[in-house]
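Chemist: Got a structure for you, written out below as structure tokens; questions coming shortly.
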Amino acid sequence: NDTTFEKSRLTLLGLGAMGTVLARAWLAAGHPLTVWNRTSTRAEPLAAEGATVAGTAAEAVAASDLVVTCLLDDISVGEALSDVDLTGKDLVNLTTGTPAQARARAAWAEKRGARFLDGGIMAVPPMIGAPGSGGYVFYSGSRALFDARQGALAIPAGAMYVGEDPGFAALHDVALLSAMTGMFAGVSHAFALIRKEEIAPKDFAPLLVDWLTAMAPYVYGVAGHLESGDYTKGVVSNLAMMVEGNSTLLRTAEEQGVSSELLTPFMALMERRLAAGHSNEGTTGVIDLLTH
Ligand code: FVH
């Protein structure tokens, strides 16, 4: 239990780019750490830094009550733990997967006598063990496990518990990554538009950052619409106006010789919602089209 002063012993399976920095963070905080990696050479630098290296996953798991997995995918977790005794263990899976995979893995672990917590890491390796980096991990599953182990779990990055449903950490993780993917699409299109002109990307970049930052509170507007059911509340630029404006966006893309393929799927949804008679809304109604 990490609520005592003694640093609890941990086992970490997986020493890829993420697992290695997790290991270093726990070692630096004074946690006795046992590590295992399928390719054993990757454990050598950590042995020099104080980690105990186990020869097999089963040996590694046997060494600690708190076992963390950070492997490539859910299949690798199943393979690494296939012949391992998990009775009485606290298993924390920091491997990225889908909500359904996390729920199935939780049921699998509980059947084998372990408490289970799934984690979705909202950080890249340099943000781990770096206070103030903004990195954190979504956790969901056993509340009792989270409460007992929060001290150790919060060492590499912030720890945010999002519910007993073991699929919720992955769902939060993937929802945020999906929004980021949309942002990357928009940024790609914007740079494509200016690429052949005498506009330096380094001069354009701060303008783009400031604009995206100014537009970010749009997220709260959408949340308010979904909470109230009134999709017109506080709308300044309505759907009719935005759909009209889309033609300028598309025409400019054509003039600049840029494919509009990143924009048109979203624009088509906006047009469908407008055609259904929702001219005074913003874009929140698109969510209804995606989910119904
Ligand atoms: N790196 C990142 O930026 C992201 C940030 C957000 C979270 N992800 C997720 O973290 C998981 C691990 O990512 P990683 O960056 O450490 O990944 P790799 O460097 O590719 O290391 C993969 C480790 O998995 C081991 N492994 C693969 N297959 C198996 C298997 N069948 N049995 C046992 N171990 C396996 C691999 O071992 P080896 O190739 O060295 O023998 C590495 O230890 C991941 O879910 C990200 O999505 C990282």
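Here, A, B, ... name the chains of the structure tokens in the order displayed, residue numbers run from 1 inside each chain, and ligands are numbered from 1 in the same displayed order.
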Step by step, measure atom-to-atom distances between ligand 1 and each residue using only C-alpha atoms and all ligand atoms, keep those at most 6 Å, then write them as a ChimeraX atom specification.

Modeler: /A:14-19,37-39,70-73,76,79-80,95-96,121-125

Chemist: According to DSSP computed on the backbone, where in stretch 48-245 of chain A is there strand (DSSP E)? Give the residues as a PyMOL selection string.

Modeler: chain A and resi 52-53+66-69+90-93+115-122+136-141+158-161

Chemist: Keeping only N, CA and C atoms, write the selected residues as a CSV table (one decimal), in the first residue's frame.

Modeler:
chain,number,residue,atom,x,y,z
A,52,THR,N,15.8,-4.6,-10.7
A,52,THR,CA,16.1,-6.1,-10.7
A,52,THR,C,15.5,-6.6,-12.0
A,53,VAL,N,16.3,-7.4,-12.8
A,53,VAL,CA,15.8,-7.9,-14.0
A,53,VAL,C,15.4,-9.3,-13.9
A,66,LEU,N,2.2,-5.2,-7.0
A,66,LEU,CA,1.7,-4.2,-8.0
A,66,LEU,C,2.5,-4.5,-9.3
A,67,VAL,N,1.7,-4.9,-10.3
A,67,VAL,CA,2.3,-5.2,-11.6
A,67,VAL,C,1.7,-4.3,-12.7
A,68,VAL,N,2.7,-3.6,-13.4
A,68,VAL,CA,2.3,-2.7,-14.5
A,68,VAL,C,2.7,-3.3,-15.8
A,69,THR,N,1.8,-3.3,-16.8
A,69,THR,CA,2.2,-3.7,-18.1
A,69,THR,C,2.2,-2.5,-19.0
A,90,ASP,N,-2.3,-6.7,-8.0
A,90,ASP,CA,-2.9,-5.5,-8.5
A,90,ASP,C,-2.3,-5.3,-9.9
A,91,LEU,N,-3.1,-5.5,-11.0
A,91,LEU,CA,-2.6,-5.4,-12.3
A,91,LEU,C,-3.0,-4.1,-12.9
A,92,VAL,N,-2.1,-3.3,-13.4
A,92,VAL,CA,-2.4,-2.0,-14.0
A,92,VAL,C,-1.8,-2.0,-15.4
A,93,ASN,N,-2.7,-1.9,-16.4
A,93,ASN,CA,-2.4,-2.1,-17.8
A,93,ASN,C,-2.3,-0.7,-18.4
A,115,ARG,N,-6.9,-7.7,-9.0
A,115,ARG,CA,-7.7,-6.5,-9.1
A,115,ARG,C,-7.1,-5.8,-10.4
A,116,PHE,N,-7.9,-5.1,-11.1
A,116,PHE,CA,-7.5,-4.6,-12.4
A,116,PHE,C,-7.8,-3.1,-12.6
A,117,LEU,N,-6.8,-2.4,-13.1
A,117,LEU,CA,-7.0,-1.0,-13.5
A,117,LEU,C,-6.4,-0.8,-14.9
A,118,ASP,N,-7.2,-0.1,-15.7
A,118,ASP,CA,-6.6,0.2,-17.1
A,118,ASP,C,-6.2,1.7,-17.1
A,119,GLY,N,-5.2,1.9,-17.9
A,119,GLY,CA,-4.7,3.3,-18.0
A,119,GLY,C,-4.5,3.7,-19.4
A,120,GLY,N,-4.8,5.0,-19.7
A,120,GLY,CA,-4.6,5.6,-21.0
A,120,GLY,C,-3.6,6.7,-20.8
A,121,ILE,N,-2.4,6.6,-21.4
A,121,ILE,CA,-1.4,7.6,-21.1
A,121,ILE,C,-1.5,8.8,-22.1
A,122,MET,N,-1.7,9.9,-21.5
A,122,MET,CA,-1.8,11.2,-22.3
A,122,MET,C,-0.5,11.9,-22.2
A,136,TYR,N,-0.3,13.2,-18.2
A,136,TYR,CA,-1.1,12.5,-17.1
A,136,TYR,C,-1.6,11.2,-17.7
A,137,VAL,N,-2.2,10.4,-16.8
A,137,VAL,CA,-2.8,9.1,-17.2
A,137,VAL,C,-4.2,9.0,-16.8
A,138,PHE,N,-5.1,8.6,-17.7
A,138,PHE,CA,-6.5,8.3,-17.3
A,138,PHE,C,-6.5,6.9,-16.7
A,139,TYR,N,-7.2,6.7,-15.6
A,139,TYR,CA,-7.3,5.4,-15.0
A,139,TYR,C,-8.8,5.0,-14.8
A,140,SER,N,-9.1,3.8,-15.1
A,140,SER,CA,-10.5,3.3,-14.8
A,140,SER,C,-10.4,1.8,-14.4
A,141,GLY,N,-11.4,1.4,-13.7
A,141,GLY,CA,-11.5,0.0,-13.2
A,141,GLY,C,-11.6,0.1,-11.6
A,158,GLY,N,0.7,12.6,-13.8
A,158,GLY,CA,-0.5,12.8,-13.1
A,158,GLY,C,-1.4,11.6,-13.3
A,159,ALA,N,-2.2,11.3,-12.2
A,159,ALA,CA,-3.1,10.2,-12.3
A,159,ALA,C,-4.6,10.7,-12.1
A,160,MET,N,-5.4,10.5,-13.2
A,160,MET,CA,-6.8,10.9,-13.2
A,160,MET,C,-7.7,9.7,-13.3
A,161,TYR,N,-8.5,9.5,-12.2
A,161,TYR,CA,-9.4,8.3,-12.2
A,161,TYR,C,-10.7,8.8,-12.8

Chemist: So how many Å separate atom CA of A:Val209 and atom CA of A:Val236, to one decimal?

Modeler: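 Atom-to-atom, atom CA of A:Val209 and atom CA of A:Val236 are spaced 21.8 Å apart.
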
Chemist: Using only C-alpha atoms, can you tell me which of A:Ala109, A:Gly129, A:Ala57, A:Val174 comes closest to A:Leu27?

Modeler: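 That would be A:Gly129, the residue with the smallest distance to A:Leu27.
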
Chemist: With DSSP run on the backbone, what are the alpha helix (DSSP H) residues within stretch 15-185 of chain A? I'd like them as a PyMOL selection string.

Modeler: chain A and resi 17-28+44-48+57-63+74-80+99-111+143-153+168-185

Chemist: Using only C-alpha atoms, which of A:Arg272, A:Arg24, A:His31, A:His225 sits nearest A:Leu10?

Modeler: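 Distance minimum relative to A:Leu10 lands on A:His31.
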
Chemist: Quick one: residues within 10 Å of A:Gln256, only C-alpha atoms, excluding same-chain residues fewer than 4 positions away - as a VMD selection string?

Modeler: chain A and resid 192 to 197 250 to 252

Chemist: The selected residues should be written to file as a PDB file, in the first residue's frame (atoms: C-alpha atoms).

Modeler:
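Output file again.pdb is given in full below:
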ATOM      1  CA  ALA A 192      -0.934  23.062 -47.674  1.00  0.00           C
ATOM      2  CA  LEU A 193      -2.797  26.254 -48.604  1.00  0.00           C
ATOM      3  CA  ILE A 194       0.181  28.520 -47.908  1.00  0.00           C
ATOM      4  CA  ARG A 195       2.908  26.120 -48.956  1.00  0.00           C
ATOM      5  CA  LYS A 196       3.598  27.448 -52.435  1.00  0.00           C
ATOM      6  CA  GLU A 197       3.365  31.102 -51.447  1.00  0.00           C
ATOM      7  CA  LEU A 250     -13.327  24.903 -51.098  1.00  0.00           C
ATOM      8  CA  ARG A 251     -12.798  27.467 -53.842  1.00  0.00           C
ATOM      9  CA  THR A 252      -9.593  28.690 -52.179  1.00  0.00           C
TER      10      THR A 252
END

Chemist: Can you work out which one of A:Leu263, A:Ala63, A:Ala25, A:Ala170 has the shortest atom-to-atom distance to A:Leu46, counting only C-alpha atoms?

Modeler: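 Once distances to A:Leu46 are computed over only C-alpha atoms, the minimum belongs to A:Ala25.
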
Chemist: If you measure from atom CA of A:Leu212 to atom CA of A:Ser133, what distance in Å do you get, rounded to one decimal?

Modeler: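 For atom CA of A:Leu212 relative to atom CA of A:Ser133, the distance reads 20.4 Å.
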
Chemist: Excluding same-chain residues fewer than 2 positions from A:Ser260, what lies within 12 Å of it counting only C-alpha atoms, as a tab-separated table (two decimals) with N, CA and C atoms, in the first residue's frame?

Modeler:
chain	number	residue	atom	x	y	z
A	185	ALA	N	-5.55	17.23	-38.99
A	185	ALA	CA	-6.07	17.33	-40.36
A	185	ALA	C	-6.22	18.80	-40.76
A	186	GLY	N	-6.79	19.60	-39.88
A	186	GLY	CA	-6.98	21.02	-40.16
A	186	GLY	C	-5.65	21.75	-40.34
A	188	SER	N	-2.83	20.42	-41.28
A	188	SER	CA	-2.22	19.96	-42.54
A	188	SER	C	-2.80	20.74	-43.72
A	189	HIS	N	-4.12	20.89	-43.71
A	189	HIS	CA	-4.77	21.61	-44.81
A	189	HIS	C	-4.31	23.08	-44.83
A	190	ALA	N	-4.23	23.70	-43.67
A	190	ALA	CA	-3.83	25.12	-43.60
A	190	ALA	C	-2.42	25.32	-44.16
A	192	ALA	N	-0.90	23.36	-46.23
A	192	ALA	CA	-0.93	23.06	-47.67
A	192	ALA	C	-1.37	24.30	-48.46
A	193	LEU	N	-2.31	25.06	-47.90
A	193	LEU	CA	-2.80	26.25	-48.60
A	193	LEU	C	-1.69	27.29	-48.81
A	246	ASN	N	-18.26	27.69	-46.37
A	246	ASN	CA	-17.51	26.51	-46.82
A	246	ASN	C	-17.16	26.61	-48.31
A	247	SER	N	-18.05	27.24	-49.09
A	247	SER	CA	-17.77	27.32	-50.52
A	247	SER	C	-16.50	28.16	-50.78
A	248	THR	N	-16.27	29.16	-49.93
A	248	THR	CA	-15.04	29.95	-50.08
A	248	THR	C	-13.82	29.11	-49.71
A	249	LEU	N	-13.98	28.29	-48.67
A	249	LEU	CA	-12.86	27.41	-48.27
A	249	LEU	C	-12.52	26.45	-49.41
A	250	LEU	N	-13.56	25.88	-50.03
A	250	LEU	CA	-13.33	24.90	-51.10
A	250	LEU	C	-12.76	25.58	-52.34
A	251	ARG	N	-13.27	26.76	-52.65
A	251	ARG	CA	-12.80	27.47	-53.84
A	251	ARG	C	-11.33	27.88	-53.66
A	252	THR	N	-11.00	28.31	-52.45
A	252	THR	CA	-9.59	28.69	-52.18
A	252	THR	C	-8.68	27.47	-52.31
A	253	ALA	N	-9.13	26.34	-51.82
A	253	ALA	CA	-8.33	25.12	-51.95
A	253	ALA	C	-8.06	24.83	-53.42
A	254	GLU	N	-9.10	24.96	-54.23
A	254	GLU	CA	-8.96	24.70	-55.67
A	254	GLU	C	-7.97	25.70	-56.29
A	255	GLU	N	-8.14	26.97	-55.95
A	255	GLU	CA	-7.24	28.00	-56.50
A	255	GLU	C	-5.78	27.74	-56.12
A	256	GLN	N	-5.58	27.21	-54.91
A	256	GLN	CA	-4.21	26.98	-54.43
A	256	GLN	C	-3.68	25.62	-54.88
A	257	GLY	N	-4.51	24.85	-55.59
A	257	GLY	CA	-4.09	23.53	-56.04
A	257	GLY	C	-3.99	22.52	-54.91
A	258	VAL	N	-4.87	22.68	-53.91
A	258	VAL	CA	-4.83	21.81	-52.73
A	258	VAL	C	-6.07	20.92	-52.70
A	262	LEU	N	-9.58	16.48	-46.92
A	262	LEU	CA	-9.65	16.47	-45.46
A	262	LEU	C	-10.86	17.25	-44.95
A	263	LEU	N	-11.35	18.20	-45.75
A	263	LEU	CA	-12.45	19.06	-45.30
A	263	LEU	C	-13.83	18.51	-45.65
A	264	THR	N	-13.94	17.92	-46.83
A	264	THR	CA	-15.28	17.63	-47.38
A	264	THR	C	-16.13	16.66	-46.54
A	265	PRO	N	-15.57	15.66	-45.85
A	265	PRO	CA	-16.47	14.79	-45.07
A	265	PRO	C	-17.23	15.57	-43.99
A	266	PHE	N	-16.53	16.48	-43.31
A	266	PHE	CA	-17.19	17.25	-42.26
A	266	PHE	C	-18.19	18.24	-42.88
A	267	MET	N	-17.79	18.84	-43.99
A	267	MET	CA	-18.69	19.81	-44.65
A	267	MET	C	-19.98	19.12	-45.12
A	268	ALA	N	-19.86	17.88	-45.58
A	268	ALA	CA	-21.05	17.15	-46.05
A	268	ALA	C	-22.03	16.93	-44.90

Chemist: Could you state the separation of atom CA of A:Phe168 and atom CA of A:Asp65 in Å, given to one decimal place?

Modeler: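 Separation of atom CA of A:Phe168 and atom CA of A:Asp65: 23.9 Å.
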
Chemist: Which residue, A:Ala114, A:Leu145, A:Ala23, A:Leu274, has the smallest gap to A:Ala43 when you use only C-alpha atoms?

Modeler: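 Of all the options, A:Ala23 lies closest to A:Ala43.
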